[in-house]
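One file, target.cif, carrying mmCIF, C-alpha atoms:
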data_start
#
loop_
_atom_site.label_atom_id
_atom_site.label_comp_id
_atom_site.auth_asym_id
_atom_site.auth_seq_id
_atom_site.Cartn_x
_atom_site.Cartn_y
_atom_site.Cartn_z
CA MET A 1 0.00 0.00 0.00
CA HIS A 2 2.57 2.62 -0.94
CA GLU A 3 -0.35 4.45 -2.58
CA LEU A 4 -0.95 6.00 0.86
CA SER A 5 2.59 7.42 0.96
CA LEU A 6 2.16 8.72 -2.59
CA ALA A 7 -1.21 10.30 -1.78
CA THR A 8 0.40 12.01 1.23
CA GLU A 9 3.19 13.36 -0.99
CA ILE A 10 0.70 14.59 -3.61
CA TYR A 11 -1.33 16.38 -0.95
CA ARG A 12 1.81 17.90 0.60
CA THR A 13 2.89 19.21 -2.83
CA CYS A 14 -0.57 20.67 -3.49
CA ARG A 15 -0.75 22.31 -0.08
CA ALA A 16 2.72 23.84 -0.48
CA THR A 17 1.78 25.15 -3.95
CA ILE A 18 -1.37 26.84 -2.62
CA ASP A 19 0.26 28.15 0.57
CA ALA A 20 2.95 29.84 -1.53
CA ARG A 21 0.16 31.84 -3.22
CA GLY A 22 -1.85 32.75 -0.12
CA PRO A 23 -4.58 30.95 1.82
CA GLY A 24 -7.05 28.85 -0.13
CA ARG A 25 -9.00 25.62 -0.38
CA LEU A 26 -7.93 22.82 -2.74
CA ASP A 27 -10.67 21.83 -5.21
CA SER A 28 -8.92 19.24 -7.34
CA ALA A 29 -5.50 17.91 -8.29
CA ARG A 30 -4.47 16.13 -11.48
CA VAL A 31 -1.69 13.54 -11.49
CA ALA A 32 -0.01 11.50 -14.21
CA ILE A 33 0.61 7.84 -13.34
CA GLY A 34 2.62 5.65 -15.69
CA GLU A 35 1.99 1.98 -16.32
CA LEU A 36 5.47 1.05 -15.06
CA ALA A 37 5.18 3.04 -11.83
CA ALA A 38 3.63 0.08 -9.92
CA VAL A 39 0.69 2.22 -8.77
CA GLU A 40 -2.99 1.26 -8.83
CA PRO A 41 -5.02 4.36 -9.81
CA GLU A 42 -8.10 3.17 -7.90
CA LEU A 43 -6.12 2.53 -4.73
CA LEU A 44 -4.46 5.92 -5.12
CA VAL A 45 -7.87 7.60 -5.18
CA TYR A 46 -9.01 5.66 -2.06
CA ALA A 47 -5.79 6.65 -0.31
CA TRP A 48 -6.30 10.26 -1.37
CA GLU A 49 -9.78 10.30 0.17
CA ALA A 50 -8.30 9.01 3.42
CA VAL A 51 -5.55 11.64 3.37
CA VAL A 52 -7.81 14.66 2.79
CA SER A 53 -10.75 13.49 4.94
CA GLY A 54 -11.55 15.55 8.02
CA GLY A 55 -9.55 18.59 6.89
CA ARG A 56 -10.47 21.77 5.05
CA ASP A 57 -9.70 20.08 1.71
CA ALA A 58 -11.93 17.05 2.39
CA ALA A 59 -13.94 17.67 -0.79
CA ALA A 60 -10.85 17.89 -3.03
CA ARG A 61 -10.91 15.45 -5.94
CA LEU A 62 -7.93 13.55 -7.31
CA GLU A 63 -7.94 13.00 -11.08
CA VAL A 64 -5.60 10.29 -12.33
CA GLU A 65 -4.29 10.39 -15.90
CA TRP A 66 -3.11 6.92 -16.89
CA HIS A 67 -0.06 6.78 -19.16
CA PRO A 68 0.64 3.42 -20.81
CA ALA A 69 4.21 2.54 -21.75
CA ARG A 70 4.89 2.37 -25.51
CA GLN A 71 6.68 -0.74 -26.66
CA THR A 72 8.17 -0.61 -30.14
CA CYS A 73 9.97 -3.35 -32.06
CA ALA A 74 12.38 -2.09 -34.77
CA THR A 75 11.12 -4.80 -37.17
CA CYS A 76 7.43 -5.30 -36.28
CA GLY A 77 6.52 -1.78 -35.12
CA GLU A 78 4.52 -1.09 -32.00
CA VAL A 79 3.81 -4.14 -29.84
CA MET A 80 0.09 -3.79 -29.13
CA GLU A 81 -1.03 -7.24 -28.02
CA ARG A 82 -0.46 -7.35 -24.32
CA ALA A 83 -2.37 -7.08 -21.09
CA PRO A 84 -1.91 -3.82 -19.16
CA GLY A 85 1.22 -4.00 -17.03
CA ASN A 86 2.54 -6.90 -19.09
CA TRP A 87 5.61 -5.31 -20.63
CA LEU A 88 8.61 -7.07 -22.02
CA ARG A 89 11.92 -6.18 -23.62
CA ILE A 90 11.72 -8.85 -26.31
CA CYS A 91 9.23 -8.79 -29.21
CA PRO A 92 6.68 -11.63 -28.89
CA THR A 93 6.53 -11.91 -32.72
CA CYS A 94 10.16 -11.85 -33.89
CA GLY A 95 12.19 -12.09 -30.66
CA GLY A 96 14.00 -8.83 -31.42
CA PRO A 97 14.72 -6.17 -28.81
CA VAL A 98 11.80 -3.93 -27.84
CA GLN A 99 12.23 -0.25 -27.02
CA VAL A 100 10.14 0.82 -24.03
CA ALA A 101 9.28 4.52 -23.86
CA GLY A 102 7.29 6.43 -21.25
CA GLY A 103 5.13 4.79 -18.63
CA ASP A 104 7.29 5.91 -15.70
CA GLU A 105 5.22 9.04 -15.01
CA LEU A 106 4.57 9.84 -11.37
CA ASP A 107 3.85 13.56 -11.49
CA VAL A 108 1.53 16.20 -10.10
CA ILE A 109 0.37 18.00 -13.27
CA ASP A 110 -1.77 20.84 -11.94
CA LEU A 111 -4.37 21.76 -9.36
CA SER A 112 -7.27 24.13 -8.94
CA TYR A 113 -8.07 25.94 -5.72
CA THR A 114 -10.36 28.64 -4.39
CA PRO A 115 -8.51 31.51 -2.69
CA ASP A 116 -10.02 32.47 0.68
CA GLU A 117 -10.71 36.02 -0.55
CA GLU A 118 -13.01 34.63 -3.31
CA GLU A 119 -14.78 32.53 -0.69
CA THR A 120 -15.53 35.58 1.52
CA ALA A 121 -16.53 37.74 -1.49
CA LYS A 122 -19.39 35.33 -2.27
CA MET B 1 -11.37 29.01 -8.78
CA THR B 2 -7.70 29.30 -9.73
CA GLN B 3 -5.74 26.82 -11.82
CA VAL B 4 -2.03 26.32 -11.10
CA ASP B 5 0.51 24.34 -13.14
CA VAL B 6 2.51 22.24 -10.69
CA ARG B 7 4.58 19.92 -12.94
CA GLN B 8 6.45 18.24 -10.12
CA ARG B 9 7.51 14.62 -9.60
CA ILE B 10 5.44 13.10 -6.81
CA LEU B 11 8.57 11.60 -5.28
CA SER B 12 10.78 14.68 -5.79
CA ASP B 13 11.58 14.87 -2.05
CA ASN B 14 12.66 11.24 -2.08
CA ALA B 15 14.78 11.89 -5.18
CA THR B 16 16.54 14.79 -3.41
CA ALA B 17 17.23 12.67 -0.32
CA ALA B 18 18.46 9.77 -2.50
CA ALA B 19 20.84 12.07 -4.39
CA ALA B 20 22.30 13.31 -1.08
CA LEU B 21 22.80 9.70 0.06
CA ARG B 22 24.43 8.81 -3.26
CA SER B 23 27.01 11.60 -2.95
CA ARG B 24 27.66 10.66 0.68
CA PHE B 25 28.32 7.02 -0.36
CA ALA B 26 30.46 8.21 -3.30
CA ALA B 27 32.64 10.26 -0.93
CA THR B 28 33.23 7.24 1.34
CA HIS B 29 33.54 4.77 -1.60
CA THR B 30 30.83 2.64 0.00
CA LEU B 31 29.07 0.20 -2.31
CA VAL B 32 25.34 0.15 -1.49
CA LEU B 33 22.95 -2.66 -2.40
CA ASN B 34 19.17 -2.38 -2.04
CA LEU B 35 17.78 -5.91 -1.54
CA ILE B 36 14.15 -6.39 -2.54
CA SER B 37 12.05 -9.56 -2.49
CA SER B 38 8.93 -11.22 -1.11
CA PRO B 39 8.75 -11.88 2.64
CA GLY B 40 10.50 -15.12 3.53
CA SER B 41 12.54 -15.44 0.35
CA GLY B 42 15.80 -15.49 2.29
CA LYS B 43 17.22 -11.95 2.26
CA THR B 44 18.60 -12.18 5.79
CA ALA B 45 19.87 -15.74 5.25
CA LEU B 46 21.72 -14.58 2.11
CA LEU B 47 23.23 -11.69 4.09
CA GLU B 48 24.30 -14.05 6.89
CA ALA B 49 26.08 -16.28 4.35
CA THR B 50 27.62 -13.16 2.76
CA VAL B 51 28.89 -11.85 6.08
CA ARG B 52 30.42 -15.25 6.91
CA ALA B 53 32.20 -15.29 3.55
CA LEU B 54 33.37 -11.66 3.41
CA SER B 55 33.92 -10.48 6.98
CA GLY B 56 37.59 -10.01 7.70
CA ARG B 57 38.07 -9.02 4.05
CA LEU B 58 35.57 -6.15 3.86
CA ARG B 59 33.89 -3.82 6.33
CA LEU B 60 30.21 -4.67 6.03
CA GLY B 61 27.13 -3.04 7.52
CA ALA B 62 23.38 -3.36 7.17
CA ILE B 63 20.19 -1.39 7.43
CA GLU B 64 17.18 -3.63 7.91
CA GLY B 65 13.63 -2.57 7.08
CA ASP B 66 10.72 -4.34 8.70
CA ILE B 67 7.26 -3.50 9.90
CA ALA B 68 8.02 -4.86 13.38
CA THR B 69 10.76 -6.60 15.46
CA GLU B 70 14.54 -6.18 15.65
CA ARG B 71 15.11 -9.81 14.66
CA ASP B 72 16.90 -9.27 11.36
CA ALA B 73 19.34 -6.69 12.74
CA GLU B 74 20.02 -8.96 15.73
CA ARG B 75 20.83 -11.89 13.42
CA LEU B 76 23.45 -9.80 11.60
CA ARG B 77 24.88 -8.17 14.75
CA ALA B 78 25.34 -11.70 16.11
CA LEU B 79 27.78 -12.22 13.23
CA GLY B 80 29.75 -9.14 14.29
CA ILE B 81 28.68 -6.49 11.78
CA PRO B 82 26.97 -3.17 12.61
CA ALA B 83 23.28 -3.37 11.72
CA HIS B 84 20.47 -0.94 12.34
CA GLN B 85 16.80 -1.86 12.21
CA ILE B 86 14.30 0.63 10.78
CA LEU B 87 10.80 -0.18 11.98
CA THR B 88 8.33 1.16 9.47
CA GLY B 89 5.31 0.47 11.68
CA GLY B 90 3.10 -0.69 8.83
CA SER B 91 4.65 1.04 5.84
CA CYS B 92 5.45 -1.40 3.04
CA HIS B 93 8.78 0.05 1.87
CA LEU B 94 11.81 2.09 2.93
CA ASP B 95 12.26 5.61 1.60
CA ALA B 96 15.44 7.67 1.28
CA ARG B 97 14.57 9.96 4.18
CA GLN B 98 14.28 6.99 6.53
CA VAL B 99 17.70 5.76 5.41
CA SER B 100 19.35 9.17 5.93
CA GLY B 101 17.59 9.49 9.29
CA ALA B 102 18.92 6.08 10.34
CA LEU B 103 22.47 7.02 9.31
CA GLU B 104 22.23 10.32 11.25
CA THR B 105 21.18 8.66 14.49
CA HIS B 106 23.14 5.39 14.18
CA ASP B 107 26.68 5.71 12.92
CA LEU B 108 27.58 2.36 11.35
CA GLY B 109 31.23 3.45 11.04
CA PRO B 110 33.31 3.41 7.86
CA LEU B 111 31.97 0.74 5.49
CA ASP B 112 33.07 -0.88 2.24
CA VAL B 113 29.64 -2.35 1.59
CA LEU B 114 26.26 -1.33 3.00
CA PHE B 115 23.36 -3.74 2.51
CA ILE B 116 19.91 -2.20 2.73
CA GLU B 117 17.41 -5.00 3.27
CA ASN B 118 14.07 -3.58 2.24
CA VAL B 119 10.66 -4.52 3.67
CA GLY B 120 9.56 -7.86 2.18
CA ASN B 121 7.44 -6.78 -0.78
CA LEU B 122 7.86 -7.12 -4.56
CA VAL B 123 5.88 -4.02 -5.51
CA CYS B 124 6.16 -0.89 -3.37
CA PRO B 125 9.94 -0.75 -2.70
CA THR B 126 10.61 -0.62 -6.47
CA SER B 127 9.41 3.02 -6.64
CA TYR B 128 11.83 4.36 -4.01
CA ASP B 129 15.44 5.22 -4.83
CA LEU B 130 17.54 4.83 -1.67
CA GLY B 131 20.79 6.16 -3.17
CA GLU B 132 21.97 2.59 -3.84
CA ASP B 133 24.46 1.54 -6.51
CA PHE B 134 22.06 -1.13 -7.68
CA LYS B 135 18.96 -3.06 -6.70
CA VAL B 136 19.12 -6.80 -6.06
CA ALA B 137 15.96 -8.89 -6.49
CA LEU B 138 15.73 -12.22 -4.69
CA LEU B 139 13.58 -15.05 -5.98
CA SER B 140 13.31 -18.20 -3.88
CA VAL B 141 12.61 -21.46 -5.69
CA THR B 142 9.59 -22.10 -3.44
CA GLU B 143 7.86 -19.01 -4.86
CA GLY B 144 7.66 -20.47 -8.38
CA GLU B 145 9.33 -19.41 -11.62
CA ASP B 146 6.44 -17.22 -12.79
CA LYS B 147 7.21 -14.31 -10.45
CA PRO B 148 9.33 -12.17 -12.85
CA PHE B 149 6.48 -11.81 -15.35
CA LYS B 150 3.96 -11.34 -12.53
CA TYR B 151 6.02 -8.58 -10.89
CA PRO B 152 7.89 -7.14 -13.90
CA SER B 153 8.86 -3.80 -12.37
CA ILE B 154 11.32 -5.10 -9.78
CA PHE B 155 12.93 -7.68 -12.09
CA ALA B 156 13.42 -4.97 -14.74
CA LYS B 157 14.91 -2.52 -12.25
CA ALA B 158 17.21 -4.98 -10.46
CA ALA B 159 20.67 -5.22 -12.03
CA VAL B 160 21.13 -8.56 -10.24
CA THR B 161 18.61 -11.30 -9.50
CA VAL B 162 19.63 -13.89 -6.92
CA VAL B 163 17.73 -17.18 -6.99
CA THR B 164 17.72 -18.46 -3.39
CA LYS B 165 17.02 -21.78 -1.63
CA ALA B 166 18.46 -23.75 -4.57
CA ASP B 167 18.95 -26.71 -2.17
CA LEU B 168 15.13 -27.12 -2.25
CA MET B 169 15.04 -27.40 -6.06
CA PRO B 170 14.61 -31.22 -6.04
CA TYR B 171 11.45 -30.90 -3.92
CA VAL B 172 9.60 -28.15 -5.80
CA SER B 173 8.54 -27.70 -9.41
CA PHE B 174 10.70 -24.63 -10.02
CA LYS B 175 11.73 -24.30 -13.69
CA LEU B 176 15.07 -22.49 -13.62
CA ASP B 177 15.23 -22.04 -17.43
CA ASP B 178 11.81 -20.35 -17.44
CA ALA B 179 12.85 -18.02 -14.63
CA SER B 180 16.09 -17.04 -16.34
CA GLY B 181 14.27 -16.49 -19.66
CA GLN B 182 11.79 -14.16 -17.97
CA ILE B 183 14.52 -12.24 -16.18
CA ALA B 184 16.55 -11.88 -19.41
CA ALA B 185 13.45 -10.57 -21.22
CA LEU B 186 12.80 -7.97 -18.53
CA ARG B 187 16.43 -7.00 -17.97
CA PRO B 188 18.69 -7.75 -20.94
CA GLY B 189 22.29 -7.81 -19.79
CA GLY B 190 21.31 -8.32 -16.16
CA THR B 191 22.97 -10.92 -13.95
CA MET B 192 21.27 -13.96 -12.44
CA LEU B 193 22.92 -16.08 -9.76
CA VAL B 194 21.68 -19.35 -8.27
CA THR B 195 22.43 -19.69 -4.55
CA SER B 196 21.73 -21.61 -1.40
CA ALA B 197 22.55 -20.11 1.99
CA VAL B 198 22.34 -23.66 3.42
CA THR B 199 24.78 -25.50 1.13
CA GLY B 200 26.82 -22.43 0.15
CA GLN B 201 26.08 -22.95 -3.55
CA GLY B 202 26.70 -19.75 -5.53
CA ILE B 203 27.80 -17.72 -2.49
CA ALA B 204 31.37 -17.39 -3.79
CA GLU B 205 30.06 -16.04 -7.13
CA TRP B 206 27.75 -13.61 -5.31
CA CYS B 207 30.60 -12.36 -3.09
CA GLY B 208 32.85 -12.12 -6.16
CA LEU B 209 30.25 -9.91 -7.84
CA ILE B 210 30.14 -7.64 -4.78
CA GLU B 211 33.95 -7.34 -4.71
CA GLU B 212 34.02 -6.63 -8.46
CA ARG B 213 31.41 -3.87 -8.21
CA LEU B 214 33.19 -2.35 -5.20
CA ALA B 215 36.51 -2.33 -7.10
CA ALA B 216 34.76 -0.72 -10.09
CA LYS B 217 33.26 1.98 -7.87
CA ARG B 218 36.65 2.75 -6.29
CA GLY B 219 38.31 2.66 -9.72
CA ALA B 220 35.79 5.14 -11.10
CA ALA B 221 36.38 7.43 -8.12
CA SER B 222 40.18 7.52 -8.33
#
Starting from the coordinates I provided, produce the structure as structure tokens.
Amino acid sequence: MHELSLATEIYRTCRATIDARGPGRLDSARVAIGELAAVEPELLVYAWEAVVSGGRDAAARLEVEWHPARQTCATCGEVMERAPGNWLRICPTCGGPVQVAGGDELDVIDLSYTPDEEETAK
Amino acid sequence: MTQVDVRQRILSDNATAAAALRSRFAATHTLVLNLISSPGSGKTALLEATVRALSGRLRLGAIEGDIATERDAERLRALGIPAHQILTGGSCHLDARQVSGALETHDLGPLDVLFIENVGNLVCPTSYDLGEDFKVALLSVTEGEDKPFKYPSIFAKAAVTVVTKADLMPYVSFKLDDASGQIAALRPGGTMLVTSAVTGQGIAEWCGLIEERLAAKRGAAS
């Protein structure tokens, strides 16, 4: 369950980003998770809910963008036939080497928040 | 509502701590191995056999990660090497900040080789850089040969895979060729060793690999 540690880090990053701009409430955060990062998006969202619950950002949503790894064989082109997470370095068709690109994303992309002054102006 | 571009790695704090550890270990020419495997695959037994074979020749030390108990560190201290136990209290992996914290509070003295025995888990520890020179995956023959394809991330990231408990091979249906084929597919150019901490099979090769990598690290530094 390292999803809980990751959710804590995501929240800490979001909070620091907002705090640097003045007080405000986090509405949503968007993260990129790669196929090779060994992270379950669903579990990450559950963990996120546990991390933010009870605080001022309890309603904040976590949006997960899933980034598959691209596997390309020099001879056969892109290797498409595989189950998610089932990535190899050898082409299942010709046995040649497969280039793996991307899929290691583990990033906070952006967030939206409501500054406290907007809240009081309502 | 205000939108802000963040564009930051989730584990950027861990990466910073790992980089600091890496330069610390470079300055002391300490070779650092991060051992990752399932619970009960024989990480501590491999380390015990390693300590028996190498102590006297090299200054060895260990950091042990577990959810509870000091048992692993005690087993290694009993063999005369400094060992510190990090209790994660439920967390499934070690992170770089825990390792630097442990080194701040518990000086293990000058070391040639530091073994970091991660929490038994084939998934979570793979995401956390601990400033190591390389990751070592252990695969015991009782787990079955299908584990590399089932847990591809660790077997792709580990420069060395050590098959353990080879003395039990006659009693289980472990297909060594299948395992080595899977490991080669996930990590072309990686090293696989077959060992038994009980009979001593493969321990000399394993220790030879450690000495080679240590010499290479010192050679690169000088």
request  = May I have the residues of chain A within 6 Å of chain B, counting all atoms listed in the file, written as a list in words?
outcome  = His2, Ile10, Leu88, Arg89, Ile90, Leu106, Asp107, Val108, Ile109, Asp110, Leu111, Ser112, Tyr113 and Thr114 of chain A
Could you give me the centre and size, in Å to one decimal, of an axis-aligned box around all listed atoms of stretch 65-78 of chain A with 8 Å added on every side, as JSON?
{"center_x": 4.0, "center_y": 2.5, "center_z": -26.5, "size_x": 32.7, "size_y": 31.7, "size_z": 37.3}
query = Mind telling me what the PyMOL selection byres ((chain B and resi 80) around 12) catches here, as a PyMOL selection string?
reply = chain B and resi 48+51-52+54-56+59-62+73-79+81-83
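Between atom CA of B:Gln85 and atom CA of B:Glu70 the interatomic distance comes to 6.0 Å.
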inquiry  = Can you translate the PyMOL selection byres ((chain A and resi 37) around 9) into the concrete residues it hits in this file, as a ChimeraX atom specification?
reply    = /A:33-36,38-40,103-106 /B:126-127,153
query = If you apply the PyMOL selection byres ((chain B and resi 140) around 8) to this file, what residues do you get, as a PyMOL selection string?
reply = chain B and resi 41-42+138-139+141-144+163-166
Can you write just those residues out, C-alpha atoms, as a PDB file, in the frame of the given file?
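Output contents, as saved in part.pdb:
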ATOM      1  CA  SER B  41      12.540 -15.440   0.350  1.00  0.00           C
ATOM      2  CA  GLY B  42      15.800 -15.490   2.290  1.00  0.00           C
ATOM      3  CA  LEU B 138      15.730 -12.220  -4.690  1.00  0.00           C
ATOM      4  CA  LEU B 139      13.580 -15.050  -5.980  1.00  0.00           C
ATOM      5  CA  VAL B 141      12.610 -21.460  -5.690  1.00  0.00           C
ATOM      6  CA  THR B 142       9.590 -22.100  -3.440  1.00  0.00           C
ATOM      7  CA  GLU B 143       7.860 -19.010  -4.860  1.00  0.00           C
ATOM      8  CA  GLY B 144       7.660 -20.470  -8.380  1.00  0.00           C
ATOM      9  CA  VAL B 163      17.730 -17.180  -6.990  1.00  0.00           C
ATOM     10  CA  THR B 164      17.720 -18.460  -3.390  1.00  0.00           C
ATOM     11  CA  LYS B 165      17.020 -21.780  -1.630  1.00  0.00           C
ATOM     12  CA  ALA B 166      18.460 -23.750  -4.570  1.00  0.00           C
TER      13      ALA B 166
END
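Taking only C-alpha atoms into account, the residues near (3.0, 2.0, -26.5), no farther than 9 Å, are Pro68, Ala69, Arg70, Gln71, Thr72, Glu78, Val79, Met80, Val100, Ala101, Gly102 and Gly103 of chain A.
All residues of protein, DNA or RNA that reach within 12 Å of A:Gly55, judged by all atoms listed in the file and not counting those fewer than 3 positions away in the chain, are Tyr11, Arg15, Arg25, Leu26, Glu49, Ala50, Val51, Val52, Ala58, Ala59 and Ala60 of chain A.
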inquiry  = Rounded to one decimal, what separation in Å do you get between atom CA of B:Glu211 and atom CA of B:Arg57?
reply    = 9.8 Å
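Neighbours of stretch 86-89 of chain B closer than or equal to 10 Å, with only C-alpha atoms counted and sequence neighbours fewer than 4 positions away skipped, come out as Ile63, Glu64, Gly65, Asp66, Ile67, Ala68, Thr69, Glu70, Ala73, His93, Leu94, Asp95, Gln98, Val99, Gly101, Ala102, Glu117, Asn118 and Val119 of chain B.
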message = With only C-alpha atoms as the counted atoms, please give the residues lying no more than 10 Å from B:Ala53, apart from itself and same-chain residues fewer than 3 positions off, as a list in words.
response = Leu47, Glu48, Ala49, Thr50, Gly56, Arg57, Leu58, Gly200, Ile203, Ala204 and Cys207 of chain B
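Here atom CA of B:Asp133 stands at a distance of 19.3 Å from atom CA of B:Thr44.
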Best match for closeness to A:Ser28 among A:Thr8, A:Glu42, A:Glu3, A:Arg61, counting all atoms listed in the file = A:Arg61
Stretch 27-36 of chain B environment, 6 Å, all atoms listed in the file, sequence neighbours closer than 3 positions dropped, as an MDAnalysis selection string = chainID B and resid 24 111:118 132:137 214 218
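Shortest atom-to-atom contact with B:Ala26 among B:Gly219, B:Gly208, B:Pro148, B:Gly181: B:Gly219, counting all atoms listed in the file.
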